[in-house]
Amino acid sequence: MASAHPALIFDHIGMTYPNGTQAISDVTFQVRPGEFVSIVGPSGCGKSTLLKIASGLIKHTSGSVTVEEDKIGYVFQDATLLDWRTVAQNVELPAELHGIPRSERTKLAQAAIDLVGLSGFEKHYPKSLSGGMKMRASLARTLTLKPSLFLFDEPFGAVDEITREHLNEETQRLFGQERFAGLFITHSIGEAVFMSTRVHVMSARPGRIVASFDVPFDYPRNPPLRFDPAFTELSAEISSALRSAY
């Protein structure tokens, strides 16, 4: 169940870049612990801009943002692993940067590696990993500090479809276990429905929320859910709303 206290609040957020481009307009929604919220929308509608605002990487130009969590995990489109560090060393990096003692950060990293199914690959370097394994390492790195708010910027868009489905299953399993607050950006409606408790549809730029859908399926969600008539029906409704958003 979601907590009554939001981890993230967007209140009539707008963003206009210095070059005059209006990226988003009047966006309002909340994400609570125990909620996994996905956003779908046309390319360039400001989805990633919302994540950057939530993380503090950029400053919005109107409205207000409230982030109640002091530990934010950010999973990027690319794994962004350091080639000269092993999997274990990459996963330890956030804890290292926070000054956590070596013995403690080693335990935190190993626990995260075990959670994402990379046990046995601790001493491997990124060049020897598949794309899916690199994204698992990226997830593990983000998990080390046990963030309460996870921001996902299309993290699985560059891998093949089967690997993507496996990573979806892995991530929703982690969410079911940890019940963090999650904000997930994706172009895939099926991915959004499979992962989420709620899906927002954004319009073309300037992006605004034009439709919202609650996802009724319980966790954990197993692969056959993708073929359930209720899953297909909800995906079709979101697809229709997305087509209208262009």
# chains A, B, ... in the order shown; residues from 1 in each chain; ligands from 1
>>> closest_atom_pairs(of="stretch 65-133 of chain A", to="stretch 169-172 of chain A", cutoff="9 Å", atoms="only C-alpha atoms", output="CSV")
residue,atom,partner,partner_atom,distance
A:Leu115,CA,A:Glu170,CA,8.9
A:Val116,CA,A:Glu170,CA,6.9
A:Gly117,CA,A:Glu170,CA,8.6
>>> write_last_selection(atoms="N, CA and C atoms", output="PDB file, in the first residue's frame")
ATOM      1  N   LEU A 115      20.772  -8.818  -5.170  1.00  0.00           N
ATOM      2  CA  LEU A 115      19.380  -8.474  -5.465  1.00  0.00           C
ATOM      3  C   LEU A 115      19.099  -8.465  -6.958  1.00  0.00           C
ATOM      4  N   VAL A 116      20.062  -8.008  -7.753  1.00  0.00           N
ATOM      5  CA  VAL A 116      19.820  -7.882  -9.199  1.00  0.00           C
ATOM      6  C   VAL A 116      20.307  -9.096  -9.985  1.00  0.00           C
ATOM      7  N   GLY A 117      20.762 -10.117  -9.288  1.00  0.00           N
ATOM      8  CA  GLY A 117      21.128 -11.350  -9.971  1.00  0.00           C
ATOM      9  C   GLY A 117      22.481 -11.330 -10.655  1.00  0.00           C
TER      10      GLY A 117
END
>>> closest_atom_pairs(of="stretch 1-29 of chain A", to="stretch 47-53 of chain A", cutoff="10 Å", atoms="only C-alpha atoms", output="tab-separated table")
residue	atom	partner	partner_atom	distance
A:Phe10	CA	A:Leu50	CA	8.9
A:Ile13	CA	A:Leu50	CA	8.8
A:Gly14	CA	A:Leu50	CA	9.5
A:Met15	CA	A:Thr49	CA	8.2
A:Ala23	CA	A:Thr49	CA	7.4
A:Ile24	CA	A:Thr49	CA	7.9
A:Val27	CA	A:Leu50	CA	9.0
>>> write_last_selection(atoms="N, CA and C atoms", output="PDB file, in the first residue's frame")
ATOM      1  N   PHE A  10       4.893  17.437  -7.734  1.00  0.00           N
ATOM      2  CA  PHE A  10       4.967  18.467  -8.771  1.00  0.00           C
ATOM      3  C   PHE A  10       3.676  19.280  -8.701  1.00  0.00           C
ATOM      4  N   ILE A  13       4.023  22.647 -12.422  1.00  0.00           N
ATOM      5  CA  ILE A  13       5.395  22.861 -12.875  1.00  0.00           C
ATOM      6  C   ILE A  13       5.431  23.275 -14.346  1.00  0.00           C
ATOM      7  N   GLY A  14       6.233  24.282 -14.624  1.00  0.00           N
ATOM      8  CA  GLY A  14       6.534  24.679 -15.998  1.00  0.00           C
ATOM      9  C   GLY A  14       8.030  24.820 -16.157  1.00  0.00           C
ATOM     10  N   MET A  15       8.507  24.593 -17.378  1.00  0.00           N
ATOM     11  CA  MET A  15       9.937  24.740 -17.640  1.00  0.00           C
ATOM     12  C   MET A  15      10.151  25.325 -19.025  1.00  0.00           C
ATOM     13  N   ALA A  23       9.438  23.478 -22.467  1.00  0.00           N
ATOM     14  CA  ALA A  23       9.487  22.016 -22.440  1.00  0.00           C
ATOM     15  C   ALA A  23       8.228  21.413 -21.820  1.00  0.00           C
ATOM     16  N   ILE A  24       7.806  21.952 -20.688  1.00  0.00           N
ATOM     17  CA  ILE A  24       6.625  21.431 -19.999  1.00  0.00           C
ATOM     18  C   ILE A  24       5.773  22.588 -19.493  1.00  0.00           C
ATOM     19  N   VAL A  27       2.341  21.024 -15.033  1.00  0.00           N
ATOM     20  CA  VAL A  27       2.328  19.603 -14.682  1.00  0.00           C
ATOM     21  C   VAL A  27       2.135  19.448 -13.179  1.00  0.00           C
TER      22      VAL A  27
END
>>> residues_around(residues="A:Thr142", least_positions_apart="4", cutoff="10 Å", atoms="only C-alpha atoms", output="PyMOL selection string")
chain A and resi 72-75+91-95+109+112+136-138+146-147+150-151
>>> select_by_dssp(residues="stretch 35-222 of chain A", states="helix (DSSP H, G or I)", output="PyMOL selection string")
chain A and resi 47-55+87-97+102-115+126-128+131-143+161-178+189-195
>>> residues_around(residues="stretch 188-200 of chain A", least_positions_apart="6", cutoff="10 Å", atoms="only C-alpha atoms", output="PyMOL selection string")
chain A and resi 2+29+31+34-41+154+156-157+164-165+168-173+175+182+208-223+225-226+231-232+234-236+238-239+241-242
>>> closest_residue(among="A:Arg105, A:His5, A:Lys59, A:His187", to="A:Leu143", atoms="only C-alpha atoms")
A:Arg105
>>> select_by_dssp(residues="stretch 20-98 of chain A", states="strand (DSSP E)", output="list in words")
Gln22, Ala23, Ile24, Ser25, Asp26, Val27, Thr28, Phe29, Gln30, Val31, Phe36, Val37, Ser38, Ile39, Val40, Ser62, Gly63, Ser64, Val65, Thr66, Val67, Ile72, Gly73, Tyr74 and Val75 of chain A
>>> atom_distance(atom1="atom CA of A:Met135", atom2="atom CA of A:Leu8")
24.6 Å
>>> residues_around(residues="A:Val67", least_positions_apart="3", cutoff="9 Å", atoms="only C-alpha atoms", output="PyMOL selection string")
chain A and resi 6-10+54-55+70+149
>>> decode(residues="stretch 146-159 of chain A", atoms="all heavy atoms", output="compact mmCIF listing (two decimals), in the first residue's frame")
# COMPACT_ATOMS: atom_id res chain seq x y z
N LYS A 146 20.21 2.59 -0.70
CA LYS A 146 18.82 2.34 -0.34
C LYS A 146 17.95 3.59 -0.51
O LYS A 146 17.34 4.09 0.45
CB LYS A 146 18.72 1.81 1.10
CG LYS A 146 19.48 0.52 1.32
CD LYS A 146 19.29 -0.01 2.72
CE LYS A 146 20.08 -1.29 2.95
NZ LYS A 146 19.67 -2.38 2.04
N PRO A 147 17.89 4.14 -1.71
CA PRO A 147 17.10 5.36 -1.94
C PRO A 147 15.62 5.12 -1.72
O PRO A 147 15.10 4.03 -1.99
CB PRO A 147 17.40 5.70 -3.40
CG PRO A 147 17.79 4.41 -4.03
CD PRO A 147 18.51 3.64 -2.96
N SER A 148 14.95 6.15 -1.25
CA SER A 148 13.50 6.09 -1.04
C SER A 148 12.76 6.54 -2.29
O SER A 148 11.57 6.23 -2.45
CB SER A 148 13.10 6.96 0.15
OG SER A 148 13.75 6.55 1.32
N LEU A 149 13.43 7.31 -3.15
CA LEU A 149 12.84 7.79 -4.39
C LEU A 149 13.74 7.37 -5.55
O LEU A 149 14.92 7.73 -5.59
CB LEU A 149 12.69 9.31 -4.37
CG LEU A 149 12.22 9.99 -5.66
CD1 LEU A 149 10.82 9.51 -6.04
CD2 LEU A 149 12.24 11.51 -5.52
N PHE A 150 13.18 6.59 -6.48
CA PHE A 150 13.90 6.14 -7.66
C PHE A 150 13.42 6.89 -8.88
O PHE A 150 12.20 6.96 -9.14
CB PHE A 150 13.66 4.64 -7.89
CG PHE A 150 14.78 3.74 -7.44
CD1 PHE A 150 14.83 3.26 -6.15
CD2 PHE A 150 15.78 3.37 -8.33
CE1 PHE A 150 15.83 2.42 -5.73
CE2 PHE A 150 16.79 2.53 -7.93
CZ PHE A 150 16.84 2.04 -6.63
N LEU A 151 14.34 7.42 -9.67
CA LEU A 151 14.03 8.08 -10.92
C LEU A 151 14.66 7.27 -12.05
O LEU A 151 15.87 7.05 -12.06
CB LEU A 151 14.59 9.51 -10.93
CG LEU A 151 14.18 10.40 -9.75
CD1 LEU A 151 14.92 11.74 -9.82
CD2 LEU A 151 12.67 10.63 -9.72
N PHE A 152 13.83 6.82 -12.99
CA PHE A 152 14.28 5.96 -14.08
C PHE A 152 14.08 6.69 -15.41
O PHE A 152 12.95 6.99 -15.79
CB PHE A 152 13.48 4.66 -14.13
CG PHE A 152 13.59 3.79 -12.90
CD1 PHE A 152 12.73 3.98 -11.83
CD2 PHE A 152 14.51 2.76 -12.85
CE1 PHE A 152 12.79 3.15 -10.72
CE2 PHE A 152 14.58 1.93 -11.73
CZ PHE A 152 13.72 2.13 -10.66
N ASP A 153 15.17 6.97 -16.13
CA ASP A 153 15.08 7.69 -17.39
C ASP A 153 15.27 6.72 -18.56
O ASP A 153 16.37 6.56 -19.09
CB ASP A 153 16.15 8.79 -17.44
CG ASP A 153 15.94 9.74 -18.61
OD1 ASP A 153 14.94 9.58 -19.35
OD2 ASP A 153 16.76 10.65 -18.79
N GLU A 154 14.18 6.05 -18.97
CA GLU A 154 14.20 5.09 -20.07
C GLU A 154 15.40 4.15 -19.97
O GLU A 154 16.18 3.99 -20.92
CB GLU A 154 14.24 5.82 -21.41
CG GLU A 154 13.03 6.71 -21.67
CD GLU A 154 13.08 7.34 -23.06
OE1 GLU A 154 13.13 6.58 -24.04
OE2 GLU A 154 13.07 8.58 -23.13
N PRO A 155 15.56 3.46 -18.84
CA PRO A 155 16.79 2.71 -18.62
C PRO A 155 16.96 1.47 -19.50
O PRO A 155 18.08 0.99 -19.65
CB PRO A 155 16.70 2.32 -17.14
CG PRO A 155 15.23 2.26 -16.87
CD PRO A 155 14.64 3.36 -17.70
N PHE A 156 15.86 0.94 -20.07
CA PHE A 156 15.96 -0.33 -20.78
C PHE A 156 15.72 -0.17 -22.28
O PHE A 156 15.52 -1.15 -22.99
CB PHE A 156 14.97 -1.34 -20.20
CG PHE A 156 15.03 -1.45 -18.70
CD1 PHE A 156 13.86 -1.52 -17.95
CD2 PHE A 156 16.24 -1.46 -18.04
CE1 PHE A 156 13.92 -1.61 -16.57
CE2 PHE A 156 16.31 -1.55 -16.65
CZ PHE A 156 15.14 -1.63 -15.91
N GLY A 157 15.74 1.05 -22.77
CA GLY A 157 15.42 1.30 -24.17
C GLY A 157 16.46 0.79 -25.14
O GLY A 157 16.14 0.58 -26.32
N ALA A 158 17.70 0.56 -24.70
CA ALA A 158 18.77 0.20 -25.62
C ALA A 158 19.01 -1.31 -25.70
O ALA A 158 19.87 -1.75 -26.47
CB ALA A 158 20.07 0.89 -25.22
N VAL A 159 18.28 -2.12 -24.93
CA VAL A 159 18.50 -3.57 -24.95
C VAL A 159 17.42 -4.24 -25.79
O VAL A 159 16.38 -3.65 -26.12
CB VAL A 159 18.52 -4.15 -23.53
CG1 VAL A 159 19.66 -3.54 -22.73
CG2 VAL A 159 17.20 -3.92 -22.81
